[in-house]
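Peer 1: This is the structure I want to talk about, given as structure tokens.
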Protein chains: 2
Amino acid sequence: MISLAEENYLKSIYHLSQAGSKSVLTNELAEAMNTKAASVTDMIKKLSTKEFISYEKYYGVNLTTKGKVVALSVIRKHRLWETFLVEKLAFSWDEVHEVAEQLEHIQSKRLIEKLDEYLGFPKVDPHGDPIPDTNGKIKALQQVMLATLKPGADSIIVAVKDSDSQLLKYLDKIGARPGKTIKVIEREEYDGSMEVSINNQRFFLSKEVSENILVNA
Amino acid sequence: MISLAEENYLKSIYHLSQAGSKSVLTNELAEAMNTKAASVTDMIKKLSTKEFISYEKYYGVNLTTKGKVVALSVIRKHRLWETFLVEKLAFSWDEVHEVAEQLEHIQSKRLIEKLDEYLGFPKVDPHGDPIPDTNGKIKALQQVMLATLKPGADSIIVAVKDSDSQLLKYLDKIGARPGKTIKVIEREEYDGSMEVSINNQRFFLSKEVSENILVNA
DNA sequence: ATATTATTTTAGACAAGCCTAAAATAATAT
DNA sequence: ATATTATTTTAGGCTTGTCTAAAATAATAT
């Protein structure tokens with residue numbers, strides 16, 4: 001059996017490692033999990049013994065295939081529940097993350113299959129993030145931070161960061177949703193802020209914001 | 001904050017006390033919770049300190065008003081989720097209990113309000129059990145065990161025991177669902193078994209079964 | 001190359017929720 | 001009224017997941 005805490009660690013490692021493409025350090029994980037490095041070391045040892053991760057002292061952790069399966073299953077559940085909350089229960093964008101953080105831990109294969117079917121087998125969640133399939137296959141989206149685009153560039157928003165309710169409220173207000181076209185008008189080199197146009201309206205975005213909007217590459 | 005274990009104890013105490021009408025003994029609770037009496041004593045002390053129950057050593061526990069509110073909120077969530085699973089996700093009767101045992105612990109007032117609305121504010125769950133309202137008001141159904149009826153009696157099934165999947169499968173097969181009329185043809189005094197008719201078909205029910213079918217009084 | 005700083009691990013402790021074994025109390029039988 | 005039996009509580013211990021403080025290791029700066 002896998003515990004709630006273990007699932008959360010594995011999910012976090014998956015995200016921090018960028019889908020398994022790099023090692024994750026103890027301190028990063030501690031910050032992401034809102035806990036202390038010492039606690040992380042303890043958990044790392046346990047996950048390592050259970051072969052969900054490989055771990056070399058002082059050099060961070062990597063998910064094993066087994067660990068990736070668990071992480072992707074949790075992410076699949078999270079994103080399906082978010083979709084449910086928005087599409088069926090009329091939640092708004094910025095309200096769903098916390099609830100989905102709880103719902104993602106419900107253990108029932110049947111439930112998640114039925115939910116998937118009920119939602120019409122969605123491919124992405126309300127924030128544009130791809131939903132892994134039953135086998136943990138996830139479509140690696142061609143995506144890049146808006147922050148990296150040069151002025152003049154015209155692209156389509158594919159996803160936004162899903163966990164910050166304040167940010168989401170703001171993005172919603174300016175109409176920055178997946179599927180929308182966004183154009184970079186100008187970019188301030190010194191602070192990374194930019195002027196963009198969405199729906200023919202102009203907005204100034206801080207670097208912070210432009211790093212949390214992902215566009216097609 | 002209230003923990004998952006605490007919620008489960010309070011719910012169990014509510015059921016065992018028959019909605020608060022009698023004290024619950026340590027051993028009963030231990031059996032219901034699938035744990036040992038010593039563990040129950042520990043938890044009882046904690047719940048008592050937190051004022052969810054009143055407790056006199058050696059004489060069992062009673063829910064306080066505060067404890068009843070928590071118990072009814074958990075029961076409300078359980079029954080709404082069961083309704084969702086059956087009505088929206090096409091689960092069958094006997095599959096929903098276990099999943100609802102998990103879903104009932106999701107903490108989000110907003111979620112449960114939206115769910116209630118989405119389901120059209122149902123008054124009873126798929127097993128016929130009444131769903132408490134937001135304020136924890138629950139309609140005390142006029143119900144009596146089928147087992148207590150005399151031959152010739154004609155009554156309507158109002159509810160069935162919801163936690164035994166085997167039993168539910170059987171009840172489903174013979175058509176014994178809430179709303180159906182059931183008539184007692186004959187009753188064997190020595191073992192409490194009875195012959196009944198449902199949908200103009202006759203069945204022999206053991207005492208066991210007839211105690212888990214509740215009819216209007 | 002070595003000293004300083006930053007990161008990570010170890011050691012020891014704690015709360016929650018469970019356990020077993022033993023002691024205390026209540027219920028029951030004679 | 002007392003002995004036996006059943007129930008409940010206490011005592012002490014275990015695991016999970018957390019913590020702080022101290023020690024070990026790695027990275028960086030001089």
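Residue numbers start at 1 in each chain; chains themselves are named A, B, ... in the order of the structure tokens; ligands are numbered from 1 in the order shown.
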Mind listing the alpha helix (DSSP H) residues of range 132-192 of chain B, per DSSP on the backbone, as a ChimeraX atom specification?

Peer 2: /B:165-174

Peer 1: For chain A, work out the contacting residues on chain B at 12 Å, counting only C-alpha atoms, and write them as a ChimeraX atom specification.

Peer 2: /B:81-82,84-92,95-120

Peer 1: Set the distance at 10 Å and use only C-alpha atoms (C1' of nucleotides): which residues neighbour DG17 in chain D once local chain neighbours fewer than 2 positions away are removed? I'd like the list as a ChimeraX atom specification.

Peer 2: /A:5,39-40,42-43 /C:15-16 /D:15,19

Peer 1: Could those selected residues go to a file with N, CA and C atoms (P, O5', C5', C4', C3', O3' and C1' of nucleotides), as a compact mmCIF listing (two decimals), in the first residue's frame?

Peer 2:
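Below you can see again-v3.txt, which holds the result:
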```
# COMPACT_ATOMS: atom_id res chain seq x y z
N ALA A 5 0.97 10.59 1.96
CA ALA A 5 2.20 11.38 1.96
C ALA A 5 3.14 10.92 0.86
N SER A 39 13.04 16.04 7.14
CA SER A 39 11.86 15.20 6.91
C SER A 39 11.91 14.59 5.51
N VAL A 40 12.38 15.40 4.58
CA VAL A 40 12.49 14.92 3.20
C VAL A 40 13.48 13.75 3.12
N ASP A 42 14.20 11.62 5.37
CA ASP A 42 13.52 10.43 5.89
C ASP A 42 12.62 9.79 4.84
N MET A 43 11.80 10.61 4.23
CA MET A 43 10.84 10.09 3.26
C MET A 43 11.55 9.51 2.04
P DA C 15 4.00 15.54 22.14
O5' DA C 15 2.97 15.26 20.95
C5' DA C 15 2.69 16.28 19.99
C4' DA C 15 1.84 15.67 18.89
C3' DA C 15 0.59 14.95 19.41
O3' DA C 15 -0.49 15.25 18.52
C1' DA C 15 1.96 13.43 18.22
P DA C 16 -1.94 14.69 18.87
O5' DA C 16 -2.17 13.54 17.79
C5' DA C 16 -2.05 13.82 16.42
C4' DA C 16 -2.23 12.53 15.65
C3' DA C 16 -3.43 11.71 16.12
O3' DA C 16 -4.12 11.27 14.97
C1' DA C 16 -1.46 10.40 16.18
P DT D 15 8.06 -0.78 14.52
O5' DT D 15 7.03 0.17 13.74
C5' DT D 15 5.82 -0.38 13.21
C4' DT D 15 5.09 0.72 12.45
C3' DT D 15 5.98 1.50 11.49
O3' DT D 15 5.26 1.68 10.27
C1' DT D 15 4.98 2.99 13.03
P DC D 19 8.12 19.54 9.32
O5' DC D 19 8.84 19.67 10.75
C5' DC D 19 8.12 20.19 11.86
C4' DC D 19 8.96 20.04 13.11
C3' DC D 19 10.34 20.68 13.00
O3' DC D 19 10.29 22.01 13.47
C1' DC D 19 10.47 18.48 13.97
```

Peer 1: Might you pull out every residue within 8 Å of Asp125 in chain A, with only C-alpha atoms (C1' of nucleotides) counted and same-chain residues fewer than 5 positions away left off, and present them as an mmCIF file with N, CA and C atoms, in the first residue's frame?

Peer 2:
```cif
data_model
loop_
_atom_site.group_PDB
_atom_site.id
_atom_site.type_symbol
_atom_site.label_atom_id
_atom_site.label_comp_id
_atom_site.auth_asym_id
_atom_site.auth_seq_id
_atom_site.Cartn_x
_atom_site.Cartn_y
_atom_site.Cartn_z
ATOM 1 N N ARG A 79 -6.199 15.873 -12.553
ATOM 2 C CA ARG A 79 -6.664 16.640 -13.716
ATOM 3 C C ARG A 79 -8.068 16.255 -14.153
ATOM 4 N N LEU A 80 -8.414 14.990 -13.977
ATOM 5 C CA LEU A 80 -9.789 14.593 -14.285
ATOM 6 C C LEU A 80 -10.762 15.240 -13.297
ATOM 7 N N GLU A 82 -10.302 18.018 -11.664
ATOM 8 C CA GLU A 82 -10.393 19.456 -11.973
ATOM 9 C C GLU A 82 -11.364 19.682 -13.121
ATOM 10 N N THR A 83 -11.280 18.842 -14.107
ATOM 11 C CA THR A 83 -12.182 18.953 -15.252
ATOM 12 C C THR A 83 -13.624 18.777 -14.802
ATOM 13 N N PRO A 130 -2.104 18.480 -20.025
ATOM 14 C CA PRO A 130 -2.543 17.201 -20.591
ATOM 15 C C PRO A 130 -2.883 16.181 -19.510
ATOM 16 N N ILE A 131 -3.903 15.379 -19.765
ATOM 17 C CA ILE A 131 -4.318 14.350 -18.809
ATOM 18 C C ILE A 131 -3.720 13.011 -19.221
#
```

Peer 1: Which residues of chain C come within 9 Å of chain A, and for each one, what is the closest pair of atoms and their distance in Å to one decimal, counting only C-alpha atoms (C1' of nucleotides), sorted by chain and residue number, as a tab-separated table?

Peer 2:
```
residue	atom	partner	partner_atom	distance
C:DT7	C1'	A:Asn27	CA	7.7
C:DT8	C1'	A:Tyr58	CA	5.8
C:DT9	C1'	A:Thr41	CA	7.2
C:DT10	C1'	A:Ala38	CA	8.9
```

Peer 1: Using Å and a single decimal, report how far CA of His127 in chain A sits from CA of Thr181 in chain A.

Peer 2: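 Atom-to-atom, CA of Thr181 in chain A to CA of His127 in chain A, that is 14.9 Å.
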
Peer 1: Go through chain D residue by residue and, counting only C-alpha atoms (C1' of nucleotides), keep those with an atom at most 10 Å from chain A; for each kept residue give the shortest atom pair and its distance in Å to one decimal, ordered by chain and increasing number, as a tab-separated table.

Peer 2:
```
residue	atom	partner	partner_atom	distance
D:DT16	C1'	A:Ser3	CA	9.5
D:DG17	C1'	A:Ser39	CA	7.7
D:DT18	C1'	A:Ser39	CA	6.5
D:DC19	C1'	A:Ser39	CA	7.9
D:DT20	C1'	A:Ala38	CA	9.5
D:DT25	C1'	A:Tyr58	CA	7.7
D:DA26	C1'	A:Tyr58	CA	7.9
```

Peer 1: Keeping only C-alpha atoms (C1' of nucleotides), take the residues you just selected and write them out as a CSV table (one decimal), in the first residue's frame.

Peer 2:
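Result file out_13.csv:
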```csv
chain,number,residue,atom,x,y,z
D,16,DT,C1',4.4,7.1,10.3
D,17,DG,C1',5.6,11.5,9.4
D,18,DT,C1',7.0,15.4,11.3
D,19,DC,C1',10.5,18.5,14.0
D,20,DT,C1',15.2,20.8,15.9
D,25,DT,C1',29.7,16.4,3.2
D,26,DA,C1',29.9,19.3,-1.0
```

Peer 1: Within 8 Å of range 17-24 of chain C, counting only C-alpha atoms (C1' of nucleotides), which residues qualify if same-chain residues fewer than 4 places away don't, as a PDB file with C-alpha atoms (C1' of nucleotides), in the first residue's frame?

Peer 2:
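So around-v5.pdb came out as:
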```
ATOM      1  CA  SER B  39      -7.531   1.838  20.963  1.00  0.00           C
TER       2      SER B  39
ATOM      3  C1'  DT D   9      -8.968   1.033  31.226  1.00  0.00           C
ATOM      4  C1'  DT D  10      -3.998   1.635  31.981  1.00  0.00           C
ATOM      5  C1'  DC D  14       5.327   0.428  17.696  1.00  0.00           C
TER       6       DC D  14
END
```

Peer 1: C1' of DT4 in chain D to CA of Val24 in chain B: how many Å, to one decimal?

Peer 2: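 The value is 25.7 Å.
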
Peer 1: Can you list, as a PyMOL selection string, every residue of chain A that DSSP puts in strand (DSSP E)?

Peer 2: chain A and resi 53-55+61-63+143-145+154-160+181-187+194-198+201-205+213-216

Peer 1: For Lys50 in chain A, which residue out of A:Leu10, A:Val160, A:Val215, A:Val124 is the nearest one, using only C-alpha atoms?

Peer 2: A:Leu10

Peer 1: Excluding DT4 in chain C and any residue of its chain fewer than 5 positions from it, enumerate the residues within 12 Å of it, using only C-alpha atoms (C1' of nucleotides), and give them as a tab-separated table (two decimals) with N, CA and C atoms (P, O5', C5', C4', C3', O3' and C1' of nucleotides), in the first residue's frame.

Peer 2:
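Below is the file that was written, part22.tsv:
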```
chain	number	residue	atom	x	y	z
D	27	DA	P	29.20	19.11	-5.00
D	27	DA	O5'	29.32	20.62	-4.54
D	27	DA	C5'	28.13	21.32	-4.17
D	27	DA	C4'	28.43	22.80	-4.07
D	27	DA	C3'	29.17	23.37	-5.27
D	27	DA	O3'	28.50	24.59	-5.59
D	27	DA	C1'	30.42	23.79	-3.28
D	28	DT	P	29.08	25.76	-6.48
D	28	DT	O5'	29.94	26.56	-5.39
D	28	DT	C5'	29.27	27.45	-4.48
D	28	DT	C4'	30.31	28.45	-3.99
D	28	DT	C3'	31.07	29.13	-5.13
D	28	DT	O3'	30.79	30.53	-5.06
D	28	DT	C1'	32.58	28.22	-3.49
D	29	DA	P	31.79	31.70	-5.25
D	29	DA	O5'	32.61	31.52	-3.91
D	29	DA	C5'	32.28	32.29	-2.76
D	29	DA	C4'	33.59	32.77	-2.13
D	29	DA	C3'	34.35	33.80	-2.97
D	29	DA	O3'	34.93	34.73	-2.05
D	29	DA	C1'	35.72	31.88	-2.65
D	30	DT	P	35.73	36.02	-2.52
D	30	DT	O5'	37.20	35.69	-2.04
D	30	DT	C5'	37.45	35.56	-0.65
D	30	DT	C4'	38.81	34.91	-0.44
D	30	DT	C3'	39.98	35.71	-1.04
D	30	DT	O3'	40.95	35.94	-0.04
D	30	DT	C1'	40.11	33.42	-1.67
```

Peer 1: When you draw a straight line from CA of Tyr170 in chain A to CA of Glu31 in chain A, how long is it in Å?

Peer 2: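 Answer for the CA of Tyr170 in chain A to CA of Glu31 in chain A separation: 24.8 Å.
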
Peer 1: Hey, what's within 10 Å of DT5 in chain D if we count only C-alpha atoms (C1' of nucleotides) and toss same-chain stuff fewer than 4 positions away? As a PyMOL selection string, please?

Peer 2: chain C and resi 27-29

Peer 1: For N, CA and C atoms (P, O5', C5', C4', C3', O3' and C1' of nucleotides), I'd like the residues from the last selection saved as an mmCIF file, in the first residue's frame.

Peer 2:
```
data_model
loop_
_atom_site.group_PDB
_atom_site.id
_atom_site.type_symbol
_atom_site.label_atom_id
_atom_site.label_comp_id
_atom_site.auth_asym_id
_atom_site.auth_seq_id
_atom_site.Cartn_x
_atom_site.Cartn_y
_atom_site.Cartn_z
ATOM 1 P P DA C 27 -22.406 -2.451 35.754
ATOM 2 O "O5'" DA C 27 -22.320 -4.031 35.533
ATOM 3 C "C5'" DA C 27 -21.999 -4.531 34.244
ATOM 4 C "C4'" DA C 27 -22.275 -6.027 34.219
ATOM 5 C "C3'" DA C 27 -23.677 -6.416 34.719
ATOM 6 O "O3'" DA C 27 -24.199 -7.301 33.738
ATOM 7 C "C1'" DA C 27 -21.999 -7.570 35.964
ATOM 8 P P DT C 28 -25.371 -8.322 34.012
ATOM 9 O "O5'" DT C 28 -24.598 -9.523 34.720
ATOM 10 C "C5'" DT C 28 -23.913 -10.525 33.933
ATOM 11 C "C4'" DT C 28 -23.826 -11.774 34.784
ATOM 12 C "C3'" DT C 28 -25.190 -12.245 35.298
ATOM 13 O "O3'" DT C 28 -25.488 -13.521 34.695
ATOM 14 C "C1'" DT C 28 -23.542 -12.127 37.071
ATOM 15 P P DA C 29 -25.980 -14.786 35.371
ATOM 16 O "O5'" DA C 29 -24.705 -15.089 36.277
ATOM 17 C "C5'" DA C 29 -23.772 -16.113 35.892
ATOM 18 C "C4'" DA C 29 -23.479 -16.972 37.101
ATOM 19 C "C3'" DA C 29 -24.643 -17.861 37.558
ATOM 20 O "O3'" DA C 29 -24.054 -19.104 37.960
ATOM 21 C "C1'" DA C 29 -24.033 -16.427 39.336
#
```
